[in-house]
file run30.csv (CSV, C-alpha atoms and all ligand atoms)
chain,number,residue,atom,x,y,z
C,1,MET,CA,167.5,-82.2,109.0
C,2,LYS,CA,164.9,-81.7,106.3
C,3,ASP,CA,164.2,-78.1,107.2
C,4,PHE,CA,167.8,-77.5,108.3
C,5,PHE,CA,168.4,-74.7,105.7
C,6,LEU,CA,165.1,-73.1,106.4
C,7,LYS,CA,166.2,-72.5,109.9
C,8,ILE,CA,169.5,-71.0,109.2
C,9,LYS,CA,168.6,-67.5,110.2
C,10,LYS,CA,167.3,-68.5,113.5
C,11,SER,CA,169.9,-68.8,116.2
C,12,THR,CA,168.8,-72.3,117.2
C,13,GLY,CA,169.4,-73.4,113.6
C,14,LEU,CA,172.8,-71.8,113.5
C,15,LEU,CA,173.8,-73.4,116.8
C,16,LEU,CA,172.7,-76.7,115.5
C,17,CYS,CA,174.7,-76.0,112.3
C,18,LEU,CA,177.8,-75.1,114.3
C,19,ALA,CA,177.5,-78.1,116.5
C,20,LEU,CA,177.5,-80.4,113.5
C,21,LEU,CA,180.5,-79.0,111.7
C,22,PRO,CA,184.1,-79.8,112.5
C,23,ALA,CA,185.8,-76.9,114.4
C,24,PHE,CA,187.5,-75.3,111.4
C,25,MET,CA,184.4,-75.4,109.3
C,26,GLN,CA,182.3,-73.4,111.8
C,27,LEU,CA,181.1,-71.1,109.2
C,28,LYS,CA,179.6,-67.7,109.1
C,29,VAL,CA,178.4,-68.4,105.6
C,30,LEU,CA,175.0,-69.4,106.8
C,31,ASP,CA,174.4,-66.6,109.3
C,32,THR,CA,175.4,-64.0,106.7
C,33,ALA,CA,172.7,-65.3,104.4
C,34,ALA,CA,170.8,-62.0,104.8
C,35,GLU,CA,173.7,-60.2,103.1
C,36,ALA,CA,173.6,-62.5,100.2
C,37,SER,CA,171.9,-61.7,96.9
C,38,GLY,CA,168.9,-63.9,97.6
C,39,PHE,CA,167.7,-67.4,96.8
C,40,GLY,CA,170.3,-69.8,95.8
C,41,ALA,CA,172.2,-73.1,96.3
C,42,VAL,CA,174.8,-73.8,99.0
C,43,TYR,CA,176.9,-76.9,98.6
C,44,THR,CA,179.9,-78.8,99.9
C,45,ALA,CA,182.0,-81.9,99.2
C,46,TYR,CA,183.9,-84.3,101.4
C,47,TYR,CA,187.6,-84.7,100.7
C,48,PRO,CA,189.8,-87.5,102.1
C,49,GLY,CA,192.2,-86.0,104.7
C,50,THR,CA,190.5,-82.6,105.1
C,51,GLY,CA,186.8,-83.6,105.5
C,52,TRP,CA,183.8,-81.5,104.5
C,53,ASN,CA,184.7,-78.3,102.7
C,54,PRO,CA,183.1,-75.0,104.0
C,55,TRP,CA,179.8,-74.4,102.3
C,56,ILE,CA,180.1,-72.7,98.9
C,57,ARG,CA,177.5,-70.2,97.7
C,58,ASP,CA,175.4,-70.3,94.5
C,59,ASN,CA,177.5,-70.2,91.3
C,60,HIS,CA,180.9,-70.3,93.0
C,61,VAL,CA,183.5,-73.0,92.6
C,62,LEU,CA,183.8,-75.9,95.0
C,63,SER,CA,187.3,-77.4,94.5
C,64,ARG,CA,190.3,-78.7,96.3
C,65,TYR,CA,193.3,-78.9,94.1
C,66,GLY,CA,194.8,-82.4,94.1
C,67,ALA,CA,191.9,-84.0,95.9
C,68,TYR,CA,188.7,-85.6,94.6
C,69,PRO,CA,185.3,-85.4,96.3
C,70,ARG,CA,184.0,-88.6,97.9
C,71,ALA,CA,180.6,-87.2,98.8
C,72,PHE,CA,178.4,-84.1,98.1
C,73,LYS,CA,175.7,-82.2,99.8
C,74,ILE,CA,173.5,-79.4,98.6
C,75,GLY,CA,170.9,-77.2,100.2
C,76,LEU,CA,169.1,-73.9,99.5
C,77,GLU,CA,169.3,-70.6,101.3
C,78,ASN,CA,166.7,-67.8,101.3
C,79,GLN,CA,164.1,-70.0,99.8
C,80,PRO,CA,161.0,-67.9,99.1
C,81,LYS,CA,158.7,-68.6,102.0
C,82,GLU,CA,155.5,-69.1,100.0
C,83,MET,CA,157.1,-71.6,97.7
C,84,THR,CA,157.0,-75.4,98.2
C,85,GLY,CA,159.8,-77.6,97.0
C,86,THR,CA,163.4,-78.6,97.7
C,87,VAL,CA,166.6,-79.6,96.0
C,88,LEU,CA,167.2,-83.3,95.1
C,89,TYR,CA,170.4,-84.8,93.9
C,90,GLN,CA,172.3,-88.1,93.3
C,91,VAL,CA,175.9,-88.9,92.7
C,92,ASN,CA,177.6,-91.5,90.5
C,93,LEU,CA,180.3,-93.1,92.7
C,94,SER,CA,183.2,-94.7,90.8
C,95,GLY,CA,182.8,-98.5,90.9
C,96,THR,CA,179.3,-98.4,92.3
C,97,GLY,CA,177.3,-96.3,89.9
C,98,TRP,CA,174.3,-94.0,90.6
C,99,LEU,CA,173.3,-93.9,94.3
C,100,ASP,CA,169.7,-93.1,95.4
C,101,TRP,CA,168.4,-89.5,95.1
C,102,VAL,CA,168.6,-87.6,98.4
C,103,GLU,CA,167.4,-84.1,99.3
C,104,ASN,CA,168.2,-80.8,101.0
C,105,GLY,CA,171.5,-81.2,102.8
C,106,ALA,CA,171.6,-85.0,103.1
C,107,GLU,CA,174.9,-86.8,102.3
C,108,ALA,CA,175.3,-88.3,98.8
C,109,GLY,CA,178.4,-90.5,98.4
C,110,ASN,CA,180.6,-92.5,100.7
C,111,ILE,CA,182.9,-90.6,103.0
C,112,GLY,CA,184.5,-93.7,104.3
C,113,GLY,CA,185.2,-95.1,100.9
C,114,GLU,CA,188.1,-94.8,98.5
C,115,MET,CA,186.2,-94.0,95.4
C,116,PRO,CA,185.6,-90.5,93.9
C,117,LEU,CA,182.5,-89.1,92.3
C,118,GLU,CA,182.2,-89.4,88.5
C,119,ALA,CA,179.0,-87.4,87.9
C,120,ILE,CA,176.1,-85.7,89.6
C,121,ARG,CA,172.5,-84.8,88.9
C,122,VAL,CA,170.7,-81.9,90.7
C,123,LYS,CA,167.1,-80.9,90.4
C,124,LEU,CA,164.3,-79.0,92.2
C,125,ASN,CA,160.8,-80.1,92.8
C,126,GLY,CA,157.5,-78.5,93.9
C,127,GLN,CA,156.8,-74.9,93.1
C,128,LEU,CA,160.6,-74.2,93.0
C,129,GLU,CA,160.8,-76.4,89.9
C,130,GLU,CA,158.0,-74.4,88.3
C,131,ASN,CA,159.8,-71.1,89.0
C,132,TYR,CA,163.5,-71.8,88.8
C,133,ASP,CA,166.1,-73.7,86.8
C,134,ILE,CA,169.0,-75.3,88.6
C,135,TYR,CA,172.2,-75.5,86.6
C,136,THR,CA,175.2,-77.7,87.3
C,137,ARG,CA,178.6,-78.1,85.7
C,138,VAL,CA,181.7,-80.0,86.8
C,139,TYR,CA,185.4,-79.7,86.2
C,140,GLN,CA,186.6,-83.0,84.8
C,141,SER,CA,189.6,-84.2,82.8
C,142,GLY,CA,191.1,-80.7,82.7
C,143,THR,CA,188.0,-78.7,81.6
C,144,TRP,CA,184.6,-77.5,82.7
C,145,THR,CA,181.7,-79.4,81.2
C,146,ASP,CA,178.9,-77.4,79.6
C,147,TRP,CA,176.1,-76.3,82.0
C,148,VAL,CA,173.3,-78.8,82.3
C,149,LYS,CA,170.0,-78.2,84.2
C,150,ASN,CA,167.1,-79.7,86.1
C,151,GLY,CA,168.4,-83.2,86.7
C,152,GLU,CA,170.5,-83.7,83.6
C,153,GLN,CA,173.8,-85.4,84.2
C,154,ALA,CA,176.9,-83.3,84.8
C,155,GLY,CA,180.1,-85.4,84.3
C,156,THR,CA,181.0,-88.5,82.4
C,157,GLU,CA,180.5,-91.8,84.1
C,158,GLY,CA,182.0,-95.2,83.5
C,159,VAL,CA,185.3,-94.2,82.0
C,160,GLY,CA,187.3,-93.9,85.2
C,161,THR,CA,187.4,-90.1,85.3
C,162,HIS,CA,186.5,-88.2,88.5
C,163,ILE,CA,185.0,-84.8,89.3
C,164,ASP,CA,187.6,-82.2,90.3
C,165,ALA,CA,185.3,-79.2,91.0
C,166,ILE,CA,181.6,-78.4,91.0
C,167,ARG,CA,179.4,-75.3,90.4
C,168,VAL,CA,175.7,-75.1,90.9
C,169,ALA,CA,173.5,-72.1,90.3
C,170,VAL,CA,169.8,-71.4,90.6
C,171,MET,CA,168.3,-69.1,88.0
C,172,GLN,CA,164.8,-67.7,87.4
C,173,LYS,CA,162.9,-70.0,85.0
C,174,GLY,CA,164.0,-69.3,81.5
C,175,ALA,CA,166.6,-66.7,82.5
C,176,GLY,CA,169.4,-68.6,80.7
C,177,LEU,CA,172.9,-69.6,81.7
C,178,PRO,CA,174.4,-68.4,85.0
C,179,GLU,CA,176.8,-65.5,84.9
C,180,GLU,CA,180.5,-66.0,84.6
C,181,ILE,CA,182.1,-65.3,87.9
C,182,LYS,CA,185.7,-64.4,87.1
C,183,SER,CA,186.5,-60.7,86.8
C,184,ASN,CA,189.5,-58.6,87.5
C,185,ALA,CA,187.5,-55.4,87.8
C,186,VAL,CA,187.6,-54.0,91.3
C,187,ASP,CA,184.3,-52.6,92.6
C,188,PRO,CA,185.3,-50.0,95.2
C,189,SER,CA,181.8,-50.1,96.8
C,190,ARG,CA,182.1,-53.8,97.7
C,191,PRO,CA,184.2,-55.4,100.5
C,192,MET,CA,187.8,-56.4,99.5
C,193,ILE,CA,190.8,-57.9,101.2
C,194,ALA,CA,194.4,-58.7,100.3
C,195,LEU,CA,195.8,-62.1,100.9
C,196,THR,CA,199.6,-62.0,101.1
C,197,PHE,CA,202.1,-64.9,100.9
C,198,ASP,CA,205.6,-64.3,102.1
C,199,ASP,CA,209.0,-66.0,101.7
C,200,GLY,CA,208.6,-67.6,98.2
C,201,PRO,CA,208.7,-68.2,95.4
C,202,SER,CA,207.9,-71.8,96.2
C,203,ALA,CA,207.1,-73.4,92.9
C,204,ALA,CA,204.6,-76.2,93.9
C,205,ASN,CA,202.8,-74.2,96.6
C,206,THR,CA,202.7,-71.1,94.4
C,207,HIS,CA,201.0,-73.1,91.6
C,208,ARG,CA,198.4,-74.5,94.0
C,209,ILE,CA,197.5,-71.0,95.1
C,210,LEU,CA,197.4,-69.9,91.5
C,211,ASN,CA,195.2,-72.8,90.5
C,212,ALA,CA,192.7,-71.9,93.1
C,213,LEU,CA,192.7,-68.3,91.8
C,214,GLU,CA,192.3,-69.4,88.3
C,215,ALA,CA,189.3,-71.6,89.2
C,216,ASN,CA,187.6,-69.0,91.4
C,217,GLY,CA,188.8,-65.6,90.4
C,218,GLY,CA,190.7,-63.1,92.6
C,219,ARG,CA,194.3,-62.1,93.0
C,220,VAL,CA,196.9,-62.2,95.8
C,221,THR,CA,200.2,-60.6,96.5
C,222,PHE,CA,203.5,-62.6,96.9
C,223,TYR,CA,206.3,-61.0,98.9
C,224,VAL,CA,209.3,-62.9,97.5
C,225,VAL,CA,212.9,-63.3,98.6
C,226,GLY,CA,215.4,-62.2,95.9
C,227,SER,CA,217.8,-65.0,96.4
C,228,SER,CA,215.1,-67.6,95.9
C,229,ILE,CA,214.1,-66.3,92.4
C,230,HIS,CA,215.3,-69.0,90.0
C,231,GLY,CA,214.1,-72.1,88.1
C,232,ALA,CA,210.6,-73.3,88.8
C,233,GLY,CA,210.0,-70.6,91.4
C,234,ALA,CA,210.7,-67.9,88.8
C,235,ASP,CA,208.3,-69.6,86.4
C,236,ALA,CA,205.6,-69.6,89.0
C,237,MET,CA,206.2,-65.8,89.5
C,238,LYS,CA,205.6,-65.3,85.8
C,239,ARG,CA,202.4,-67.2,85.9
C,240,ALA,CA,201.3,-65.2,89.0
C,241,VAL,CA,201.8,-61.9,87.1
C,242,SER,CA,200.0,-63.3,84.1
C,243,LEU,CA,197.0,-63.9,86.4
C,244,GLY,CA,197.0,-60.4,87.7
C,245,CYS,CA,198.8,-61.1,91.0
C,246,GLU,CA,201.3,-58.7,92.5
C,247,ILE,CA,204.9,-59.5,93.3
C,248,GLY,CA,206.3,-57.5,96.1
C,249,ASN,CA,209.8,-57.2,97.6
C,250,HIS,CA,210.8,-59.1,100.7
C,251,SER,CA,214.6,-58.4,100.6
C,252,TYR,CA,217.3,-60.5,99.0
C,253,ASN,CA,218.2,-62.8,101.9
C,254,HIS,CA,215.4,-62.2,104.3
C,255,GLU,CA,217.5,-59.8,106.4
C,256,ASN,CA,216.3,-58.0,109.4
C,257,LEU,CA,216.6,-54.5,107.8
C,258,VAL,CA,217.0,-52.8,111.2
C,259,LYS,CA,220.4,-54.5,111.6
C,260,LEU,CA,221.7,-53.3,108.2
C,261,SER,CA,223.4,-50.0,107.3
C,262,SER,CA,221.4,-47.7,105.0
C,263,GLN,CA,223.6,-48.9,102.1
C,264,GLY,CA,222.8,-52.5,103.1
C,265,VAL,CA,219.1,-51.8,103.1
C,266,ARG,CA,219.4,-50.1,99.7
C,267,ASP,CA,221.4,-53.0,98.3
C,268,THR,CA,219.1,-55.8,99.4
C,269,ILE,CA,215.9,-54.0,98.2
C,270,ASN,CA,217.3,-52.8,94.9
C,271,LYS,CA,218.9,-56.2,94.0
C,272,THR,CA,215.5,-57.9,94.7
C,273,SER,CA,213.5,-55.3,92.7
C,274,ALA,CA,215.9,-55.7,89.8
C,275,ARG,CA,215.6,-59.5,89.9
C,276,ILE,CA,211.7,-59.4,90.1
C,277,GLN,CA,211.6,-57.0,87.1
C,278,GLU,CA,214.1,-59.1,85.2
C,279,VAL,CA,211.9,-62.2,85.6
C,280,THR,CA,208.4,-60.8,85.4
C,281,GLY,CA,208.8,-57.6,83.5
C,282,VAL,CA,207.2,-55.7,86.3
C,283,ALA,CA,209.1,-53.8,89.1
C,284,PRO,CA,207.6,-54.2,92.5
C,285,ALA,CA,205.5,-51.3,93.9
C,286,THR,CA,205.4,-52.4,97.5
C,287,MET,CA,207.7,-54.2,100.0
C,288,ARG,CA,207.3,-56.1,103.2
C,289,PRO,CA,210.1,-55.9,105.8
C,290,PRO,CA,211.2,-59.4,106.9
C,291,TYR,CA,209.9,-60.1,110.5
C,292,GLY,CA,207.9,-56.9,110.2
C,293,SER,CA,211.0,-55.2,111.5
C,294,TYR,CA,211.6,-51.5,110.5
C,295,ASN,CA,212.6,-48.1,111.9
C,296,SER,CA,212.5,-44.6,110.5
C,297,SER,CA,215.9,-45.0,108.9
C,298,VAL,CA,214.7,-48.2,107.1
C,299,LEU,CA,211.5,-46.5,106.0
C,300,ASN,CA,213.4,-43.5,104.6
C,301,THR,CA,215.7,-45.8,102.6
C,302,ILE,CA,213.4,-48.4,101.0
C,303,GLY,CA,211.8,-46.0,98.6
C,304,MET,CA,208.4,-47.7,98.5
C,305,PRO,CA,205.5,-48.3,100.9
C,306,ALA,CA,206.1,-50.9,103.6
C,307,ILE,CA,203.2,-53.3,103.8
C,308,LEU,CA,202.5,-55.0,107.1
C,309,TRP,CA,199.3,-56.8,108.0
C,310,ASN,CA,196.4,-56.8,110.5
C,311,ILE,CA,195.6,-60.5,110.4
C,312,ASP,CA,198.5,-62.8,111.3
C,313,THR,CA,197.6,-66.4,110.7
C,314,LEU,CA,200.8,-67.7,112.4
C,315,ASP,CA,200.7,-70.4,109.7
C,316,TRP,CA,204.5,-70.7,110.0
C,317,LYS,CA,204.2,-71.6,113.6
C,318,THR,CA,201.1,-73.9,113.6
C,319,LYS,CA,201.7,-75.5,110.2
C,320,SER,CA,198.0,-76.3,110.5
C,321,THR,CA,195.6,-75.8,107.6
C,322,SER,CA,192.6,-75.8,109.9
C,323,ASN,CA,194.0,-73.2,112.3
C,324,THR,CA,195.0,-71.0,109.4
C,325,VAL,CA,191.5,-71.2,107.8
C,326,SER,CA,189.6,-70.7,111.0
C,327,HIS,CA,191.8,-67.8,112.1
C,328,VAL,CA,191.1,-66.0,108.8
C,329,LEU,CA,187.4,-66.8,108.7
C,330,SER,CA,186.7,-65.7,112.3
C,331,ASN,CA,188.6,-62.4,112.0
C,332,VAL,CA,188.3,-61.2,108.4
C,333,LYS,CA,186.8,-57.8,107.6
C,334,ASP,CA,186.7,-55.4,104.7
C,335,GLY,CA,190.1,-53.8,104.1
C,336,ASP,CA,192.2,-56.4,105.8
C,337,ILE,CA,195.7,-57.5,104.8
C,338,ILE,CA,196.2,-61.1,105.7
C,339,LEU,CA,199.7,-62.6,106.3
C,340,MET,CA,200.4,-66.2,105.2
C,341,HIS,CA,203.5,-68.0,103.9
C,342,GLU,CA,203.7,-69.8,100.6
C,343,THR,CA,206.6,-72.0,101.9
C,344,TYR,CA,204.2,-74.4,103.7
C,345,ALA,CA,202.0,-76.9,101.9
C,346,THR,CA,199.6,-76.6,104.8
C,347,SER,CA,199.2,-72.9,103.9
C,348,ALA,CA,198.7,-73.6,100.2
C,349,VAL,CA,195.8,-76.0,101.2
C,350,ALA,CA,194.4,-73.3,103.5
C,351,ALA,CA,194.5,-70.9,100.5
C,352,GLU,CA,192.6,-73.5,98.4
C,353,ILE,CA,189.9,-73.5,101.0
C,354,LEU,CA,189.9,-69.7,101.8
C,355,ILE,CA,189.9,-68.4,98.2
C,356,PRO,CA,186.4,-69.8,97.2
C,357,GLU,CA,185.1,-69.4,100.7
C,358,LEU,CA,186.0,-65.7,101.0
C,359,ILE,CA,184.7,-65.0,97.5
C,360,GLY,CA,181.5,-66.9,98.5
C,361,ARG,CA,181.2,-64.5,101.4
C,362,GLY,CA,181.3,-61.5,99.1
C,363,TYR,CA,184.9,-60.4,99.4
C,364,GLN,CA,186.8,-59.3,96.4
C,365,LEU,CA,190.3,-60.8,96.6
C,366,VAL,CA,192.6,-58.0,95.4
C,367,THR,CA,196.3,-57.2,95.4
C,368,VAL,CA,197.8,-54.9,98.0
C,369,SER,CA,198.2,-52.2,95.3
C,370,GLU,CA,194.6,-52.6,94.1
C,371,LEU,CA,193.4,-52.4,97.8
C,372,ALA,CA,195.4,-49.3,98.4
C,373,ALA,CA,194.2,-47.7,95.1
C,374,ALA,CA,190.6,-48.3,96.1
C,375,ARG,CA,191.1,-47.0,99.6
C,376,GLY,CA,193.0,-43.8,99.6
C,377,GLY,CA,196.4,-44.7,98.1
C,378,MET,CA,199.8,-45.2,99.7
C,379,SER,CA,203.2,-43.4,99.8
C,380,ALA,CA,206.8,-44.5,99.9
C,381,GLY,CA,208.3,-44.6,103.3
C,382,LYS,CA,205.0,-45.2,105.1
C,383,THR,CA,203.7,-48.4,106.7
C,384,TYR,CA,200.3,-49.9,106.1
C,385,GLY,CA,198.6,-52.7,108.1
C,386,SER,CA,195.2,-52.5,106.5
C,387,PHE,CA,193.2,-50.2,104.2
C,388,ARG,CA,189.7,-49.3,105.6
J,1,ZN,ZN,209.4,-63.4,105.7
call {"tool": "encode", "arguments": {"input": "run30.csv", "output": "C-alpha cells"}}
result
Amino acid sequence: MKDFFLKIKKSTGLLLCLALLPAFMQLKVLDTAAEASGFGAVYTAYYPGTGWNPWIRDNHVLSRYGAYPRAFKIGLENQPKEMTGTVLYQVNLSGTGWLDWVENGAEAGNIGGEMPLEAIRVKLNGQLEENYDIYTRVYQSGTWTDWVKNGEQAGTEGVGTHIDAIRVAVMQKGAGLPEEIKSNAVDPSRPMIALTFDDGPSAANTHRILNALEANGGRVTFYVVGSSIHGAGADAMKRAVSLGCEIGNHSYNHENLVKLSSQGVRDTINKTSARIQEVTGVAPATMRPPYGSYNSSVLNTIGMPAILWNIDTLDWKTKSTSNTVSHVLSNVKDGDIILMHETYATSAVAAEILIPELIGRGYQLVTVSELAAARGGMSAGKTYGSFR
C-alpha cells in the first residue's frame, strides 16, 4: 500500500483501488488526476453508517453533516517523480488520545469504535518537506480553526469536542496560506452542472443540502410545490436564496399539467410564482413540469422555460444514498442537469457526499439559470434537458 498513490495513473493501480473501495465509492477521482492542477493531497474519513467518504482533493472540504469522522486517511497525487518523501499523519481519538503516526493512505483512527476524532496532525518528510508546506484546518464547535502547518495540531483535544470537517492543502514552501475556495463567480470556460431538487421545500433536508453548499461552495436549484411553502420550509427557501440558490416553480399541488385546462395550468403556475416571490422576494425564472409531463399547449401557457433533466437519479424509487451517489458519479458530464428530490433524507445525504466530490472533480455547481446563461440562454415555452 505504500506506493498506492504513486500507481494511480496506471490501470493496475486503479483496478486495485476500485477493488478496495465499496461499490458506491468507486471513484474516478484518482484516474482523473491528470486533469487536476498538479501535486496535492487527497483525503477521506470514515463515518459510522456510510463508511469511507469518496476521496476529497487538495484544499476541498471533507464533511458529512450530522456525522463525525472515526478515522482518517490522506495520500498524495501527482507527486513530483524526482522528489523523495511522503505524507505522515496522526489522529487524536476521543477517550484514547494520540494514536501512532501512519503514512500515505494508511488508516488512522478506529472504524469499529464509537469515538470521534478530536484533532489531527499532518506533515511531509523527505524532499517534499523541504519544498512544500502542508496546511491543515478543521471545523470544530461551529467554526473553522486557523490553518496550521507541517505537523502542528489542528483541533482542540481533551475537552470533548469532535472534528466535523477537514481541509488539507499542499503549498509551495513559503507561498503562504491556501486560497479560499468559495466563490459565486461562474467561469464559463470550466465544466459546470446544475443539481436540482424537486418537491420541497422540506425544511430539514433543505438545510442539510444548504449546509453542504455553505461549507463547500456552489449553488443548486430547488423546484418547489406552491402548497408546501409555509413555516420552516419557507424559512429554508429564504436561506437558499441568501446563499445564491435558485427557486423554481413546480406547480401548486404537483398536478400533471397535461390533464389541466389552459386556465388550470395558468392558475397553478401563477399562484406558485406569486407565493415564491412573496416568501423570497424573487420571482422564479424557470419551472419544472411535475412528472416531466407536458405538451405544446402546456408549454405555450406556462410563460417560462420548462427545465427537464438528463440524469435521473431515481432517488425517489431507490431511496438509496449509495445508488444515488454512484448514478451521478458514473454519468456526470459538463452541462448536465441532475434530478433529485429533497423530500428524502437519503437524497440529502447523497447531496452531502456529491457536493464536495463534484467540486473536487472540477465541476462548478451552478443554478439552472446560471448554467443556461453560460451556455447559450433559454426561452419561455421551450424545454431543456441539459446545456452543453
Ligand atoms: Zn415532482
call {"tool": "residues_near_ligand", "arguments": {"input": "run30.csv", "ligand": "ligand ZN 1 (chain J)", "cutoff": "7 Å", "atoms": "all atoms listed in the file", "output": "mmCIF file with C-alpha atoms, keeping the file's coordinate frame"}}
result
data_model
loop_
_atom_site.group_PDB
_atom_site.id
_atom_site.type_symbol
_atom_site.label_atom_id
_atom_site.label_comp_id
_atom_site.auth_asym_id
_atom_site.auth_seq_id
_atom_site.Cartn_x
_atom_site.Cartn_y
_atom_site.Cartn_z
ATOM 1 C CA ASP C 198 205.600 -64.300 102.100
ATOM 2 C CA ASP C 199 209.000 -66.000 101.700
ATOM 3 C CA HIS C 250 210.800 -59.100 100.700
ATOM 4 C CA HIS C 254 215.400 -62.200 104.300
ATOM 5 C CA PRO C 290 211.200 -59.400 106.900
ATOM 6 C CA TYR C 291 209.900 -60.100 110.500
#
call {"tool": "atom_distance", "arguments": {"input": "run30.csv", "atom1": "atom CA of C:Glu118", "atom2": "atom CA of C:Val138"}}
result
9.6 Å
call {"tool": "closest_residue", "arguments": {"input": "run30.csv", "among": "C:Leu124, C:Ile111, C:Ala351, C:Leu93", "to": "C:Val159", "atoms": "only C-alpha atoms"}}
result
C:Leu93
call {"tool": "closest_residue", "arguments": {"input": "run30.csv", "among": "C:Asp133, C:Gly51, C:Ser379, C:His60", "to": "C:Arg361", "atoms": "only C-alpha atoms"}}
result
C:His60
call {"tool": "closest_residue", "arguments": {"input": "run30.csv", "among": "C:Leu76, C:Ala380, C:Cys245, C:Leu177", "to": "C:Thr301", "atoms": "all atoms listed in the file"}}
result
C:Ala380
call {"tool": "closest_residue", "arguments": {"input": "run30.csv", "among": "C:Lys382, C:Arg121, C:Lys149, C:Arg388", "to": "C:Glu103", "atoms": "only C-alpha atoms"}}
result
C:Arg121
call {"tool": "closest_residue", "arguments": {"input": "run30.csv", "among": "C:Arg57, C:Arg288, C:Lys319, C:Arg70", "to": "C:Glu342", "atoms": "only C-alpha atoms"}}
result
C:Lys319
call {"tool": "closest_residue", "arguments": {"input": "run30.csv", "among": "C:Tyr344, C:Tyr139, C:Trp147, C:Trp52", "to": "C:Ile209", "atoms": "all atoms listed in the file"}}
result
C:Tyr344
call {"tool": "atom_distance", "arguments": {"input": "run30.csv", "atom1": "atom CA of C:Leu88", "atom2": "atom CA of C:Ala212"}}
result
28.0 Å
call {"tool": "residues_around", "arguments": {"input": "run30.csv", "residues": "C:Leu195", "least_positions_apart": "5", "cutoff": "7 Å", "atoms": "all atoms listed in the file", "output": "tab-separated table (two decimals) with C-alpha atoms, in the frame of the given file"}}
result
chain	number	residue	atom	x	y	z
C	220	VAL	CA	196.90	-62.20	95.80
C	221	THR	CA	200.20	-60.60	96.50
C	337	ILE	CA	195.70	-57.50	104.80
C	338	ILE	CA	196.20	-61.10	105.70
C	339	LEU	CA	199.70	-62.60	106.30
call {"tool": "atom_distance", "arguments": {"input": "run30.csv", "atom1": "atom CA of C:Asn249", "atom2": "atom CA of C:Val225"}}
result
6.9 Å
call {"tool": "residues_around", "arguments": {"input": "run30.csv", "residues": "C:Ser251", "least_positions_apart": "2", "cutoff": "12 Å", "atoms": "all atoms listed in the file", "output": "ChimeraX atom specification"}}
result
/C:198-200,223-229,248-249,253-257,260,264-276,284,286-293,302,306
call {"tool": "residues_around", "arguments": {"input": "run30.csv", "residues": "C:Gln172", "least_positions_apart": "6", "cutoff": "9 Å", "atoms": "only C-alpha atoms", "output": "PyMOL selection string"}}
result
chain C and resi 131-134
call {"tool": "closest_atom_pairs", "arguments": {"input": "run30.csv", "of": "stretch 111-210 of chain C", "to": "stretch 232-242 of chain C", "cutoff": "8 Å", "atoms": "all atoms listed in the file", "output": "CSV"}}
result
residue,atom,partner,partner_atom,distance
C:Gly200,CA,C:Gly233,CA,7.6
C:Pro201,CA,C:Gly233,CA,4.8
C:Ser202,CA,C:Gly233,CA,5.4
C:Ala203,CA,C:Gly233,CA,4.3
C:Thr206,CA,C:Ala236,CA,6.3
C:His207,CA,C:Ala236,CA,6.3
C:Leu210,CA,C:Ala240,CA,6.6
call {"tool": "decode", "arguments": {"input": "run30.csv", "residues": "stretch 228-240 of chain C", "atoms": "N, CA and C atoms", "output": "mmCIF file, in the first residue's frame"}}
result
data_model
loop_
_atom_site.group_PDB
_atom_site.id
_atom_site.type_symbol
_atom_site.label_atom_id
_atom_site.label_comp_id
_atom_site.auth_asym_id
_atom_site.auth_seq_id
_atom_site.Cartn_x
_atom_site.Cartn_y
_atom_site.Cartn_z
ATOM 1 N N SER C 228 -46.744 23.707 -0.476
ATOM 2 C CA SER C 228 -45.858 23.316 0.635
ATOM 3 C C SER C 228 -45.086 24.493 1.218
ATOM 4 N N ILE C 229 -45.272 25.672 0.636
ATOM 5 C CA ILE C 229 -44.458 26.823 1.068
ATOM 6 C C ILE C 229 -45.078 27.476 2.291
ATOM 7 N N HIS C 230 -44.622 27.052 3.455
ATOM 8 C CA HIS C 230 -45.073 27.673 4.707
ATOM 9 C C HIS C 230 -44.095 27.264 5.812
ATOM 10 N N GLY C 231 -44.153 27.961 6.917
ATOM 11 C CA GLY C 231 -43.388 27.585 8.110
ATOM 12 C C GLY C 231 -41.900 27.419 7.867
ATOM 13 N N ALA C 232 -41.364 26.316 8.416
ATOM 14 C CA ALA C 232 -39.921 26.088 8.352
ATOM 15 C C ALA C 232 -39.439 25.889 6.922
ATOM 16 N N GLY C 233 -40.297 25.335 6.068
ATOM 17 C CA GLY C 233 -39.933 25.166 4.660
ATOM 18 C C GLY C 233 -39.721 26.506 3.976
ATOM 19 N N ALA C 234 -40.614 27.449 4.271
ATOM 20 C CA ALA C 234 -40.481 28.793 3.707
ATOM 21 C C ALA C 234 -39.189 29.448 4.195
ATOM 22 N N ASP C 235 -38.864 29.245 5.482
ATOM 23 C CA ASP C 235 -37.618 29.804 6.018
ATOM 24 C C ASP C 235 -36.398 29.205 5.306
ATOM 25 N N ALA C 236 -36.462 27.909 5.038
ATOM 26 C CA ALA C 236 -35.348 27.266 4.335
ATOM 27 C C ALA C 236 -35.183 27.846 2.923
ATOM 28 N N MET C 237 -36.301 28.174 2.278
ATOM 29 C CA MET C 237 -36.225 28.793 0.942
ATOM 30 C C MET C 237 -35.527 30.152 0.999
ATOM 31 N N LYS C 238 -35.847 30.921 2.050
ATOM 32 C CA LYS C 238 -35.184 32.235 2.196
ATOM 33 C C LYS C 238 -33.673 32.043 2.338
ATOM 34 N N ARG C 239 -33.290 31.066 3.141
ATOM 35 C CA ARG C 239 -31.859 30.812 3.328
ATOM 36 C C ARG C 239 -31.230 30.384 1.993
ATOM 37 N N ALA C 240 -31.956 29.545 1.237
ATOM 38 C CA ALA C 240 -31.441 29.082 -0.055
ATOM 39 C C ALA C 240 -31.145 30.274 -0.969
#
